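Just structure-v2.txt here, compact mmCIF, C-alpha atoms and all ligand atoms:
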```
# COMPACT_ATOMS: atom_id res chain seq x y z
CA MET A 1 -12.13 0.72 25.19
CA ASP A 2 -8.53 0.40 24.02
CA PRO A 3 -6.59 2.53 26.55
CA LEU A 4 -3.90 3.37 23.99
CA MET A 5 -6.29 4.80 21.41
CA SER A 6 -7.61 8.35 21.60
CA GLU A 7 -11.30 9.21 21.30
CA ASP A 8 -10.66 10.44 17.75
CA GLU A 9 -8.93 7.22 16.75
CA LEU A 10 -11.73 5.10 18.19
CA MET A 11 -14.26 7.20 16.31
CA ILE A 12 -12.37 6.75 13.02
CA GLN A 13 -12.03 3.04 13.70
CA SER A 14 -15.74 2.51 14.27
CA THR A 15 -16.81 4.75 11.36
CA VAL A 16 -14.49 3.07 8.85
CA ARG A 17 -15.26 -0.41 10.21
CA GLU A 18 -18.98 0.15 9.76
CA PHE A 19 -18.41 1.47 6.22
CA ALA A 20 -16.09 -1.44 5.34
CA ASP A 21 -18.56 -4.05 6.63
CA ARG A 22 -21.46 -2.42 4.83
CA ASP A 23 -19.89 -1.23 1.55
CA LEU A 24 -16.47 -2.77 0.94
CA LYS A 25 -16.67 -6.37 2.11
CA PRO A 26 -19.80 -7.29 0.10
CA ARG A 27 -18.13 -6.10 -3.13
CA ALA A 28 -14.67 -7.53 -2.53
CA ARG A 29 -15.33 -11.01 -3.89
CA GLU A 30 -16.87 -9.80 -7.14
CA SER A 31 -14.10 -7.32 -7.96
CA ASP A 32 -11.54 -10.04 -7.14
CA GLU A 33 -13.27 -12.51 -9.45
CA LYS A 34 -13.74 -10.03 -12.29
CA GLU A 35 -10.28 -8.53 -11.74
CA GLU A 36 -11.93 -5.11 -11.78
CA PHE A 37 -11.43 -1.91 -9.84
CA CYS A 38 -14.62 -1.08 -7.92
CA TRP A 39 -15.62 2.53 -8.54
CA GLU A 40 -18.44 2.39 -5.97
CA SER A 41 -15.91 1.46 -3.30
CA TRP A 42 -13.64 4.28 -4.43
CA LYS A 43 -16.52 6.76 -4.23
CA GLY A 44 -17.45 5.50 -0.78
CA MET A 45 -13.89 5.87 0.48
CA SER A 46 -13.67 9.37 -1.00
CA ASP A 47 -17.03 10.42 0.48
CA LEU A 48 -15.71 9.30 3.85
CA GLY A 49 -12.65 11.53 3.38
CA LEU A 50 -10.16 8.66 3.11
CA SER A 51 -8.74 9.81 -0.24
CA GLY A 52 -7.50 12.96 1.52
CA ILE A 53 -6.90 11.73 5.06
CA GLY A 54 -3.95 13.51 6.62
CA ILE A 55 -4.04 16.33 4.04
CA ASP A 56 -4.38 19.86 5.36
CA PRO A 57 -8.00 21.11 5.03
CA ALA A 58 -6.55 24.17 3.22
CA PHE A 59 -5.73 21.73 0.39
CA GLY A 60 -9.08 19.96 0.46
CA GLY A 61 -8.17 17.17 2.87
CA GLY A 62 -9.60 16.18 6.19
CA GLY A 63 -6.40 16.58 8.22
CA GLY A 64 -5.37 13.91 10.69
CA THR A 65 -2.36 12.09 12.06
CA HIS A 66 -0.38 9.11 10.82
CA ARG A 67 -1.93 7.06 13.62
CA GLN A 68 -5.39 7.95 12.37
CA MET A 69 -4.29 6.96 8.88
CA VAL A 70 -3.14 3.50 9.99
CA VAL A 71 -6.30 2.96 12.03
CA ALA A 72 -8.38 3.77 8.93
CA ILE A 73 -6.25 1.66 6.56
CA GLU A 74 -6.48 -1.37 8.85
CA GLU A 75 -10.27 -1.17 8.72
CA VAL A 76 -10.42 -0.64 4.94
CA SER A 77 -8.09 -3.63 4.48
CA ARG A 78 -10.20 -5.78 6.78
CA GLY A 79 -13.09 -5.10 4.37
CA ASP A 80 -11.24 -5.24 1.05
CA ALA A 81 -7.45 -5.37 0.73
CA SER A 82 -7.64 -4.41 -2.96
CA ALA A 83 -9.55 -1.22 -2.17
CA ALA A 84 -6.89 -0.52 0.44
CA VAL A 85 -3.93 -0.86 -1.93
CA SER A 86 -5.64 1.39 -4.48
CA LEU A 87 -6.17 3.95 -1.73
CA ILE A 88 -2.59 3.62 -0.46
CA ALA A 89 -1.06 4.04 -3.95
CA HIS A 90 -3.22 7.13 -4.46
CA ARG A 91 -2.97 8.77 -1.06
CA CYS A 92 0.39 7.66 0.38
CA LEU A 93 2.45 7.41 -2.82
CA GLY A 94 1.23 9.62 -5.70
CA LEU A 95 -0.63 12.33 -3.80
CA GLN A 96 1.81 12.36 -0.89
CA THR A 97 4.81 12.98 -3.18
CA ILE A 98 3.16 16.09 -4.64
CA TYR A 99 1.86 17.23 -1.24
CA GLN A 100 5.23 16.78 0.46
CA PHE A 101 7.67 17.86 -2.25
CA GLY A 102 5.64 19.79 -4.82
CA SER A 103 5.61 23.56 -5.34
CA GLU A 104 2.69 25.66 -4.07
CA GLU A 105 1.46 25.88 -7.65
CA GLN A 106 1.61 22.09 -8.13
CA LYS A 107 -0.10 21.54 -4.81
CA SER A 108 -2.94 23.89 -5.61
CA ARG A 109 -3.32 22.31 -9.07
CA TYR A 110 -3.35 18.64 -8.00
CA VAL A 111 -3.88 18.17 -4.27
CA PRO A 112 -7.46 19.45 -3.72
CA LEU A 113 -9.02 17.32 -6.48
CA ALA A 114 -7.00 14.26 -5.48
CA ALA A 115 -7.74 14.75 -1.78
CA LYS A 116 -11.46 14.74 -2.57
CA GLY A 117 -11.02 11.60 -4.66
CA GLU A 118 -12.16 13.39 -7.82
CA GLN A 119 -8.79 12.56 -9.34
CA ILE A 120 -6.83 9.37 -8.75
CA MET A 121 -3.06 9.35 -8.45
CA ALA A 122 -0.47 6.67 -9.15
CA TRP A 123 3.26 6.35 -8.50
CA ALA A 124 5.63 4.75 -10.97
CA LEU A 125 9.10 3.81 -9.78
CA THR A 126 9.44 0.11 -10.69
CA GLU A 127 10.61 -0.89 -14.17
CA PRO A 128 11.00 -4.23 -15.97
CA GLY A 129 14.68 -4.36 -14.96
CA SER A 130 14.61 -2.58 -11.59
CA GLY A 131 12.46 -3.09 -8.51
CA SER A 132 14.43 -3.46 -5.29
CA ASP A 133 17.40 -1.78 -6.97
CA ALA A 134 15.32 1.27 -7.87
CA ALA A 135 18.36 3.48 -8.51
CA ALA A 136 19.11 1.31 -11.56
CA LEU A 137 16.02 2.61 -13.35
CA GLN A 138 16.43 3.27 -17.07
CA THR A 139 13.62 5.68 -17.91
CA SER A 140 15.29 8.83 -19.22
CA ALA A 141 14.29 12.47 -18.95
CA VAL A 142 15.98 14.81 -21.41
CA ARG A 143 15.37 18.53 -21.08
CA ARG A 144 14.88 20.60 -24.24
CA ASN A 145 13.79 24.21 -23.76
CA ASP A 146 10.72 24.26 -21.50
CA SER A 147 10.01 20.55 -21.56
CA TYR A 148 11.39 17.21 -20.47
CA TYR A 149 11.04 14.27 -22.85
CA LEU A 150 10.54 10.94 -21.10
CA ASN A 151 11.43 7.59 -22.66
CA GLY A 152 11.19 4.20 -20.99
CA THR A 153 8.79 1.76 -19.36
CA LYS A 154 7.30 1.38 -15.89
CA VAL A 155 5.63 -1.79 -14.65
CA PHE A 156 3.36 -2.85 -11.79
CA THR A 157 1.99 0.69 -11.38
CA THR A 158 -1.02 0.41 -9.07
CA ASN A 159 -3.89 2.59 -10.41
CA GLY A 160 -1.77 3.19 -13.54
CA ASP A 161 -4.63 2.70 -16.00
CA ILE A 162 -7.23 4.67 -14.04
CA ALA A 163 -5.06 7.50 -12.72
CA ASP A 164 -5.50 11.12 -13.74
CA GLY A 165 -1.95 11.92 -12.64
CA ILE A 166 1.11 9.70 -12.27
CA VAL A 167 4.25 10.57 -10.33
CA VAL A 168 7.06 9.17 -12.47
CA PHE A 169 10.74 8.76 -11.63
CA ALA A 170 13.24 9.17 -14.47
CA SER A 171 16.93 9.89 -14.86
CA HIS A 172 18.49 12.84 -16.65
CA ASP A 173 21.96 11.30 -16.26
CA ARG A 174 22.39 7.62 -15.46
CA GLU A 175 26.10 8.14 -14.72
CA LEU A 176 24.98 10.01 -11.61
CA LYS A 177 23.04 6.91 -10.47
CA HIS A 178 20.48 7.86 -7.78
CA ARG A 179 21.58 11.51 -7.91
CA GLY A 180 20.44 11.70 -11.54
CA ILE A 181 16.85 10.73 -10.76
CA SER A 182 14.03 13.28 -10.74
CA ALA A 183 10.30 13.05 -10.06
CA PHE A 184 7.70 14.34 -12.52
CA ILE A 185 3.94 14.71 -12.52
CA VAL A 186 2.65 13.13 -15.71
CA ASP A 187 -0.93 13.93 -16.68
CA ARG A 188 -2.94 11.13 -18.19
CA SER A 189 -3.58 13.21 -21.33
CA THR A 190 0.17 13.52 -22.09
CA SER A 191 0.97 12.49 -25.64
CA GLY A 192 3.54 9.70 -25.99
CA LEU A 193 2.04 7.77 -23.07
CA ARG A 194 0.91 4.17 -23.59
CA ILE A 195 -0.83 2.43 -20.71
CA ASN A 196 -1.63 -1.29 -20.64
CA LYS A 197 -3.43 -3.00 -17.79
CA GLN A 198 -1.42 -5.97 -16.46
CA HIS A 199 -3.67 -8.99 -15.95
CA GLY A 200 -3.31 -12.18 -13.98
CA LYS A 201 -2.35 -11.16 -10.44
CA MET A 202 -2.57 -13.86 -7.76
CA GLY A 203 -4.25 -11.52 -5.29
CA MET A 204 -5.26 -7.87 -4.90
CA ARG A 205 -7.19 -8.49 -8.09
CA GLY A 206 -9.70 -5.76 -7.34
CA SER A 207 -6.86 -3.26 -7.62
CA THR A 208 -5.57 -2.41 -11.03
CA THR A 209 -1.94 -2.62 -12.12
CA ALA A 210 -0.46 -1.22 -15.32
CA GLU A 211 2.56 -1.05 -17.54
CA ILE A 212 3.25 2.49 -18.71
CA SER A 213 5.48 3.28 -21.68
CA PHE A 214 6.84 6.70 -22.51
CA GLU A 215 7.81 7.52 -26.08
CA ASN A 216 9.11 11.07 -26.15
CA ALA A 217 6.37 11.96 -23.67
CA LYS A 218 6.56 15.75 -23.39
CA ILE A 219 6.36 16.99 -19.80
CA PRO A 220 6.38 20.74 -19.09
CA VAL A 221 9.21 21.86 -16.77
CA GLU A 222 6.54 23.08 -14.33
CA ASN A 223 5.79 19.39 -13.69
CA LEU A 224 9.24 18.63 -12.28
CA ILE A 225 8.68 17.94 -8.57
CA GLY A 226 11.11 19.76 -6.30
CA VAL A 227 14.74 19.84 -7.35
CA GLU A 228 16.21 18.04 -10.37
CA GLY A 229 18.24 15.06 -9.15
CA SER A 230 16.40 14.77 -5.82
CA GLY A 231 13.72 12.34 -7.00
CA PHE A 232 15.36 9.26 -5.55
CA SER A 233 15.58 10.74 -2.07
CA TYR A 234 11.91 11.81 -2.34
CA ALA A 235 10.99 8.25 -3.33
CA MET A 236 12.88 6.76 -0.37
CA ASP A 237 11.23 9.22 2.06
CA ILE A 238 7.82 8.31 0.68
CA LEU A 239 8.53 4.58 0.97
CA ASP A 240 9.86 4.92 4.53
CA SER A 241 6.52 6.36 5.59
CA SER A 242 4.23 4.23 3.44
CA ARG A 243 5.78 1.05 4.88
CA ILE A 244 3.85 1.79 8.04
CA VAL A 245 0.64 2.03 6.06
CA ILE A 246 1.34 -1.28 4.32
CA ALA A 247 1.92 -2.79 7.77
CA ALA A 248 -1.56 -1.51 8.70
CA GLN A 249 -2.95 -3.13 5.57
CA CYS A 250 -1.40 -6.42 6.71
CA VAL A 251 -3.01 -6.10 10.14
CA GLY A 252 -6.40 -5.59 8.47
CA ILE A 253 -6.05 -8.65 6.22
CA ALA A 254 -4.86 -10.75 9.17
CA GLN A 255 -7.73 -9.53 11.35
CA ALA A 256 -10.27 -10.46 8.66
CA ALA A 257 -8.73 -13.93 8.26
CA PHE A 258 -8.65 -14.43 12.03
CA GLU A 259 -12.29 -13.41 12.47
CA SER A 260 -13.37 -15.87 9.75
CA ALA A 261 -11.33 -18.64 11.35
CA VAL A 262 -12.43 -18.08 14.94
CA ARG A 263 -16.09 -18.05 13.88
CA TYR A 264 -15.78 -21.11 11.65
CA ALA A 265 -13.90 -23.04 14.34
CA GLN A 266 -16.89 -22.71 16.66
CA GLN A 267 -19.38 -23.84 14.01
CA ARG A 268 -17.53 -26.78 12.45
CA GLN A 269 -17.90 -30.04 14.36
CA THR A 270 -15.53 -33.01 14.24
CA PHE A 271 -15.49 -36.00 16.58
CA GLY A 272 -18.65 -34.73 18.26
CA ARG A 273 -17.50 -31.24 19.20
CA PRO A 274 -16.63 -27.89 17.64
CA ILE A 275 -13.08 -27.87 16.28
CA SER A 276 -12.44 -24.83 18.51
CA ASP A 277 -12.54 -27.30 21.43
CA HIS A 278 -9.51 -29.13 20.03
CA GLN A 279 -6.36 -27.77 21.58
CA ALA A 280 -4.46 -27.82 18.28
CA ILE A 281 -7.02 -25.41 16.80
CA GLN A 282 -6.93 -23.22 19.91
CA PHE A 283 -3.14 -23.07 19.64
CA ALA A 284 -3.42 -21.97 16.01
CA LEU A 285 -5.95 -19.28 17.00
CA ALA A 286 -3.67 -18.20 19.86
CA ASP A 287 -0.72 -17.83 17.49
CA MET A 288 -2.86 -15.87 15.04
CA ALA A 289 -4.13 -13.50 17.74
CA THR A 290 -0.59 -13.01 19.04
CA ASP A 291 0.76 -12.26 15.56
CA ILE A 292 -1.99 -9.68 15.04
CA PHE A 293 -1.41 -8.07 18.43
CA ALA A 294 2.33 -7.79 17.75
CA SER A 295 1.80 -6.44 14.21
CA ARG A 296 -0.76 -3.86 15.31
CA SER A 297 1.38 -2.71 18.24
CA MET A 298 4.46 -2.31 16.04
CA THR A 299 2.48 -0.46 13.39
CA LEU A 300 0.91 1.98 15.83
CA LEU A 301 4.25 2.58 17.54
CA ALA A 302 5.95 3.36 14.22
CA ALA A 303 3.10 5.75 13.32
CA THR A 304 3.35 7.40 16.75
CA LEU A 305 7.07 8.03 16.21
CA GLU A 306 6.32 9.56 12.81
CA ASP A 307 3.63 11.79 14.34
CA GLN A 308 6.09 12.92 17.00
CA GLY A 309 8.71 13.81 14.41
CA SER A 310 11.06 11.19 15.91
CA PRO A 311 13.22 8.90 13.74
CA TYR A 312 11.12 5.93 12.65
CA LEU A 313 12.99 4.29 9.74
CA GLU A 314 13.95 1.12 11.60
CA GLU A 315 10.62 0.72 13.39
CA ALA A 316 8.73 1.24 10.11
CA ALA A 317 10.82 -1.42 8.36
CA MET A 318 10.37 -3.80 11.31
CA ALA A 319 6.61 -3.21 11.36
CA LYS A 320 6.33 -3.85 7.60
CA LEU A 321 8.57 -6.92 7.73
CA TYR A 322 6.83 -8.43 10.72
CA ALA A 323 3.25 -7.54 9.80
CA SER A 324 3.54 -8.76 6.20
CA GLU A 325 5.02 -12.12 7.16
CA ALA A 326 2.60 -12.45 10.10
CA CYS A 327 -0.30 -11.64 7.79
CA PHE A 328 0.62 -14.54 5.52
CA ARG A 329 1.07 -16.88 8.51
CA VAL A 330 -2.35 -15.90 9.84
CA ALA A 331 -4.02 -16.28 6.43
CA THR A 332 -2.39 -19.71 5.98
CA LYS A 333 -3.69 -20.86 9.36
CA ALA A 334 -7.15 -19.48 8.54
CA VAL A 335 -7.24 -21.62 5.38
CA GLN A 336 -6.07 -24.65 7.39
CA ILE A 337 -8.80 -24.16 10.00
CA HIS A 338 -11.40 -24.03 7.22
CA GLY A 339 -10.15 -27.39 5.91
CA GLY A 340 -11.24 -28.16 2.33
CA TYR A 341 -13.78 -25.33 2.36
CA GLY A 342 -10.94 -22.86 2.79
CA TYR A 343 -9.52 -23.97 -0.53
CA PHE A 344 -12.60 -22.82 -2.46
CA LYS A 345 -13.51 -19.32 -3.53
CA GLU A 346 -16.81 -19.36 -1.63
CA SER A 347 -14.77 -18.86 1.53
CA ASP A 348 -13.28 -15.41 2.02
CA VAL A 349 -10.13 -16.92 3.51
CA GLU A 350 -9.09 -18.18 0.07
CA ARG A 351 -8.93 -14.53 -1.05
CA TYR A 352 -7.22 -13.34 2.14
CA PHE A 353 -4.53 -15.96 1.56
CA ARG A 354 -3.89 -14.74 -2.00
CA ASP A 355 -4.08 -11.06 -1.00
CA ALA A 356 -1.66 -11.58 1.87
CA ARG A 357 1.10 -12.98 -0.31
CA VAL A 358 2.10 -9.76 -2.05
CA THR A 359 2.51 -7.74 1.12
CA SER A 360 6.03 -9.05 1.69
CA ILE A 361 6.91 -8.20 -1.94
CA TYR A 362 5.60 -4.72 -2.71
CA GLU A 363 6.80 -1.43 -1.22
CA GLY A 364 10.09 -3.13 -0.38
CA THR A 365 10.41 -6.90 -0.16
CA SER A 366 11.09 -8.63 3.16
CA GLU A 367 14.71 -8.93 2.09
CA VAL A 368 14.90 -5.17 1.51
CA GLN A 369 13.36 -4.51 4.96
CA ARG A 370 16.00 -6.81 6.48
CA ILE A 371 18.72 -4.86 4.65
CA VAL A 372 17.36 -1.59 6.11
CA ILE A 373 17.07 -3.02 9.64
CA GLY A 374 20.37 -4.90 9.42
CA ARG A 375 22.28 -1.73 8.47
CA GLN A 376 20.77 0.14 11.41
CA VAL A 377 21.48 -2.53 14.02
CA VAL A 378 25.06 -3.14 12.88
CA GLU A 379 25.67 0.60 13.00
CA ARG A 380 24.17 0.85 16.49
CA TYR A 381 26.25 -2.02 17.89
CA ARG A 382 29.42 -1.16 15.98
CA VAL A 383 32.52 -2.24 17.95
C1 LIG B 401 0.56 -5.92 -6.97
C2 LIG B 401 1.76 -5.03 -7.07
C3 LIG B 401 1.61 -3.66 -7.01
C4 LIG B 401 2.71 -2.82 -7.14
N1 LIG B 401 2.53 -1.46 -7.16
C5 LIG B 401 3.59 -0.65 -7.44
C6 LIG B 401 3.40 0.77 -7.63
O1 LIG B 401 2.29 1.30 -7.50
N2 LIG B 401 4.48 1.51 -7.97
C7 LIG B 401 5.73 0.97 -8.13
O2 LIG B 401 6.67 1.70 -8.44
N3 LIG B 401 5.94 -0.37 -7.94
C8 LIG B 401 4.90 -1.18 -7.62
N4 LIG B 401 5.09 -2.54 -7.46
C9 LIG B 401 6.44 -3.09 -7.62
C10 LIG B 401 7.05 -3.64 -6.33
O3 LIG B 401 7.35 -2.59 -5.45
C11 LIG B 401 8.26 -4.49 -6.73
O4 LIG B 401 7.74 -5.67 -7.32
C12 LIG B 401 9.16 -4.81 -5.57
O5 LIG B 401 9.83 -3.66 -5.13
C13 LIG B 401 10.20 -5.89 -5.92
O6 LIG B 401 10.86 -5.58 -7.10
P1 LIG B 401 11.00 -6.70 -8.25
O7 LIG B 401 9.66 -7.27 -8.47
O8 LIG B 401 11.70 -6.08 -9.39
O9 LIG B 401 11.90 -7.83 -7.60
P2 LIG B 401 13.51 -7.83 -7.56
O10 LIG B 401 14.02 -6.54 -7.07
O11 LIG B 401 14.01 -8.33 -8.87
O12 LIG B 401 13.78 -8.94 -6.46
C14 LIG B 401 13.63 -10.34 -6.71
C15 LIG B 401 13.97 -11.08 -5.41
O13 LIG B 401 15.34 -10.84 -5.06
C16 LIG B 401 15.40 -10.31 -3.75
N5 LIG B 401 16.51 -9.36 -3.67
C17 LIG B 401 16.75 -8.30 -4.48
N6 LIG B 401 17.86 -7.66 -4.09
C18 LIG B 401 18.33 -8.32 -3.00
C19 LIG B 401 19.45 -8.15 -2.13
N7 LIG B 401 20.30 -7.13 -2.27
N8 LIG B 401 19.63 -9.03 -1.12
C20 LIG B 401 18.75 -10.06 -0.94
N9 LIG B 401 17.67 -10.27 -1.73
C21 LIG B 401 17.47 -9.42 -2.74
C22 LIG B 401 14.06 -9.62 -3.54
O14 LIG B 401 13.78 -9.44 -2.17
C23 LIG B 401 13.14 -10.60 -4.22
O15 LIG B 401 12.87 -11.68 -3.36
C24 LIG B 401 4.01 -3.39 -7.29
C25 LIG B 401 4.15 -4.78 -7.32
C26 LIG B 401 3.06 -5.60 -7.22
C27 LIG B 401 3.26 -7.08 -7.27
```
Can you dump the structure from the file as structure tokens?
Amino acid sequence: MDPLMSEDELMIQSTVREFADRDLKPRARESDEKEEFCWESWKGMSDLGLSGIGIDPAFGGGGGTHRQMVVAIEEVSRGDASAAVSLIAHRCLGLQTIYQFGSEEQKSRYVPLAAKGEQIMAWALTEPGSGSDAAALQTSAVRRNDSYYLNGTKVFTTNGDIADGIVVFASHDRELKHRGISAFIVDRSTSGLRINKQHGKMGMRGSTTAEISFENAKIPVENLIGVEGSGFSYAMDILDSSRIVIAAQCVGIAQAAFESAVRYAQQRQTFGRPISDHQAIQFALADMATDIFASRSMTLLAATLEDQGSPYLEEAAMAKLYASEACFRVATKAVQIHGGYGYFKESDVERYFRDARVTSIYEGTSEVQRIVIGRQVVERYRV
């Protein structure tokens, strides 16, 4: 038994692991190949309570801590990283923004259905001309009487084409830069909304990504989240926390790649013995295991700080930076250990390798994490 995990965390780990092995992993290859969201996997995750993990039972969720969330996300990701990113965009981005910053009325309207997985949420910050520099977004929100009218385009919105509700960030005054940005809940049925699925991703192909255009999309004022002009700070708060969850996703992908590699290395023979007997292969496996141990420890520590209500910004950025880059290192080594077979789609490691690549790009690139960490350390050691 892991001495640092509570009984509850171990229970969640074994329940989600069993579910992921039984229901997610067998479907992952097909949804990757077809570039299709898997509704059966979504239903399974919802039935298990994952769509509402961490949400107060009074709002239809199952409750739970951030640590429990990262334990669950690691296991989902070990089974199917695409299912995990769909879940993260729903639970930790879209739903979380409404749950954390929405009014009581908004929460009672959206949270219970979303927590049960009966509605899917998405979160649209990125635009064609602004990703890392999110405050430069161009989508406008003009208020007339009891409505806001949104105009502009969002890209790369995970779940965008399947979501019932989308949290959208738009500016009512671009002169004010980040202070002019507000967050809105946009229902799928809103007129003036055009949603196009974006095809051709390298990895995470079982998750769905969309471009969303707004042409005078009329949003009732009741759908403004929180205070006008506070949307950017809400978005940054959400990203600070969800970085830890992405780090957990990375641990899950790396763990899956490692397990494939360590098994294969004992089955594949060269020069009369299993390749796992060659020291070079053992060294690769040792580096992979060490990377996973470090990533998991950092992720759990960052989640523990968040649960305690302690500052966690720097630790979350470090966990995301380290775990995402480690995940790609581990997946690369897993392909190498599989030799030529690892280069073909019949081996799961080919998919892990492609899935791993985006983790140091989305929810803040590695460069952005280094900016966050760099600012903190310079400030701390200021002379
Ligand atoms: C599969 C997928 C799913 C996504 N899901 C969502 C979603 O659900 N919602 C959403 O809003 N967005 C989503 N995104 C968008 C994602 O968060 C952005 O792609 C990411 O933030 C990077 O923005 P960008 O692509 O515009 O790159 P850019 O910001 O243009 O950056 C390009 C490169 O320049 C580097 N760079 C930028 N600024 C600096 C700097 N100051 N110093 C050093 N280097 C710098 C970056 O690190 C990067 O390497 C998703 C993206 C992908 C690929």
Item to complete: Throw together the list of residues within 7 Å of ligand LIG 401 (chain B), counting only C-alpha atoms and all ligand atoms, and drop it here as a VMD selection string.
Response: chain A and resid 89 122 to 126 128 to 133 155 to 159 201 204 209 358 361 to 368
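Between Ile337 (chain A) and the residues A:Ala319, A:Leu313, A:Met288, A:Ile238, the shortest atom-to-atom distance, using only C-alpha atoms, involves A:Met288.
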Fill in: Neighbour list for Glu325 (chain A) as a PyMOL selection string, cut-off 8 Å, all atoms listed in the file, skip fewer than 3 positions in-chain
chain A and resi 321-322+328-329+359-360
Item to complete: Compute the distance from (-11.4, -12.1, -8.8) to each atom, counting all atoms listed in the file, keep the residues with any atom at most 9 Å away, and return them as a count of residues only; use the coordinates of the file.
Response: 14
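Non-sequential neighbours of Thr153 (chain A) (distance at most 7 Å, separation of 5 or more positions within a chain, only C-alpha atoms) are Glu127, Thr139, Ile212, Ser213 and Phe214 of chain A.
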Keeping only C-alpha atoms, take the residues you just selected and write them out as a CSV table (one decimal), in the frame of the given file.
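Dumped everything to result.csv:
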```
chain,number,residue,atom,x,y,z
A,127,GLU,CA,10.6,-0.9,-14.2
A,139,THR,CA,13.6,5.7,-17.9
A,212,ILE,CA,3.2,2.5,-18.7
A,213,SER,CA,5.5,3.3,-21.7
A,214,PHE,CA,6.8,6.7,-22.5
```
Worksheet item: Around (-9.6, -6.9, 4.2) in the file's frame, which residues reach within 12 Å when counting all atoms listed in the file? Return as a PyMOL selection string?
Response: chain A and resi 17+20-21+24-29+32+72-85+203-204+206+248-260+327+331+348-349+351-356
Fill in: Top pick for closest residue to Ala247 (chain A), considering A:Ser14, A:Ser295, A:Asn216, A:Gln279 and counting only C-alpha atoms
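When distances to Ala247 (chain A) are compared using only C-alpha atoms, the smallest one comes from A:Ser295.
For the atom pair formed by CA of Lys345 (chain A) and CA of Ser41 (chain A), the distance is 20.9 Å, given to one decimal.
Across the structure, CA of Gln119 (chain A) and CA of Ala163 (chain A) are spaced 7.1 Å apart.
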Worksheet entry | Distance query Met236 (chain A) at most 12 Å, all atoms listed in the file, self and fewer than 3 positions along chain excluded, as a list in words | Leu93, Thr97, Leu125, Ser132, Asp133, Ala134, Ala135, Phe169, His178, Ile181, Ala183, Ser230, Gly231, Phe232, Ser233, Leu239, Asp240, Ser241, Ser242, Arg243, Leu313, Glu363, Gly364 and Val372 of chain A
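CA of Ala217 (chain A) to CA of Ser191 (chain A) spans 5.8 Å [interatomic distance, one decimal].
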Enumerate, in order of chain and increasing residue number, the residues of region 304-331 of chain A with an atom no farther than 10 Å from region 61-67 of chain A, each with its shortest atom pair and distance in Å to one decimal, counting all atoms listed in the file, as CSV.
```
residue,atom,partner,partner_atom,distance
A:Thr304,CA,A:Arg67,CA,6.1
A:Leu305,CA,A:His66,CA,9.3
A:Glu306,CA,A:His66,CA,7.0
A:Asp307,CA,A:His66,CA,6.0
A:Gln308,CA,A:His66,CA,9.7
```
Please identify all polymer residues within 12 Å of Ala261 (chain A), counting all atoms listed in the file, omitting same-chain residues fewer than 6 positions from it, and present them as a PDB file with C-alpha atoms, in the coordinates of the input.
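Below is the file around.pdb, written as the result:
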```
ATOM      1  CA  ALA A 254      -4.860 -10.750   9.170  1.00  0.00           C
ATOM      2  CA  GLN A 255      -7.730  -9.530  11.350  1.00  0.00           C
ATOM      3  CA  GLN A 267     -19.380 -23.840  14.010  1.00  0.00           C
ATOM      4  CA  ARG A 268     -17.530 -26.780  12.450  1.00  0.00           C
ATOM      5  CA  ILE A 275     -13.080 -27.870  16.280  1.00  0.00           C
ATOM      6  CA  SER A 276     -12.440 -24.830  18.510  1.00  0.00           C
ATOM      7  CA  ILE A 281      -7.020 -25.410  16.800  1.00  0.00           C
ATOM      8  CA  GLN A 282      -6.930 -23.220  19.910  1.00  0.00           C
ATOM      9  CA  ALA A 284      -3.420 -21.970  16.010  1.00  0.00           C
ATOM     10  CA  LEU A 285      -5.950 -19.280  17.000  1.00  0.00           C
ATOM     11  CA  ALA A 286      -3.670 -18.200  19.860  1.00  0.00           C
ATOM     12  CA  MET A 288      -2.860 -15.870  15.040  1.00  0.00           C
ATOM     13  CA  ALA A 289      -4.130 -13.500  17.740  1.00  0.00           C
ATOM     14  CA  VAL A 330      -2.350 -15.900   9.840  1.00  0.00           C
ATOM     15  CA  ALA A 331      -4.020 -16.280   6.430  1.00  0.00           C
ATOM     16  CA  THR A 332      -2.390 -19.710   5.980  1.00  0.00           C
ATOM     17  CA  LYS A 333      -3.690 -20.860   9.360  1.00  0.00           C
ATOM     18  CA  ALA A 334      -7.150 -19.480   8.540  1.00  0.00           C
ATOM     19  CA  VAL A 335      -7.240 -21.620   5.380  1.00  0.00           C
ATOM     20  CA  GLN A 336      -6.070 -24.650   7.390  1.00  0.00           C
ATOM     21  CA  ILE A 337      -8.800 -24.160  10.000  1.00  0.00           C
ATOM     22  CA  HIS A 338     -11.400 -24.030   7.220  1.00  0.00           C
ATOM     23  CA  GLY A 339     -10.150 -27.390   5.910  1.00  0.00           C
ATOM     24  CA  TYR A 341     -13.780 -25.330   2.360  1.00  0.00           C
ATOM     25  CA  GLY A 342     -10.940 -22.860   2.790  1.00  0.00           C
ATOM     26  CA  SER A 347     -14.770 -18.860   1.530  1.00  0.00           C
ATOM     27  CA  ASP A 348     -13.280 -15.410   2.020  1.00  0.00           C
ATOM     28  CA  VAL A 349     -10.130 -16.920   3.510  1.00  0.00           C
ATOM     29  CA  GLU A 350      -9.090 -18.180   0.070  1.00  0.00           C
ATOM     30  CA  TYR A 352      -7.220 -13.340   2.140  1.00  0.00           C
TER      31      TYR A 352
END
```
Practice prompt. Pick out the residues sitting within 12 Å of Phe184 (chain A), and hand them over as a PyMOL selection string; count only C-alpha atoms, and ignore anything fewer than 6 positions along from it in its own chain.
Written response: chain A and resi 94+97-98+101-103+106+122-125+139-141+147-150+165-172+217-232+234-235
Starting from the structure just given, write a file holding region 359-363 of chain A with C-alpha atoms, as a CSV table (one decimal), in the first residue's frame.
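Saved result, result-v8.csv, follows:
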```csv
chain,number,residue,atom,x,y,z
A,359,THR,CA,0.6,18.1,-23.1
A,360,SER,CA,3.4,20.7,-23.2
A,361,ILE,CA,1.4,22.9,-25.5
A,362,TYR,CA,-2.2,23.1,-24.2
A,363,GLU,CA,-3.3,24.7,-20.9
```
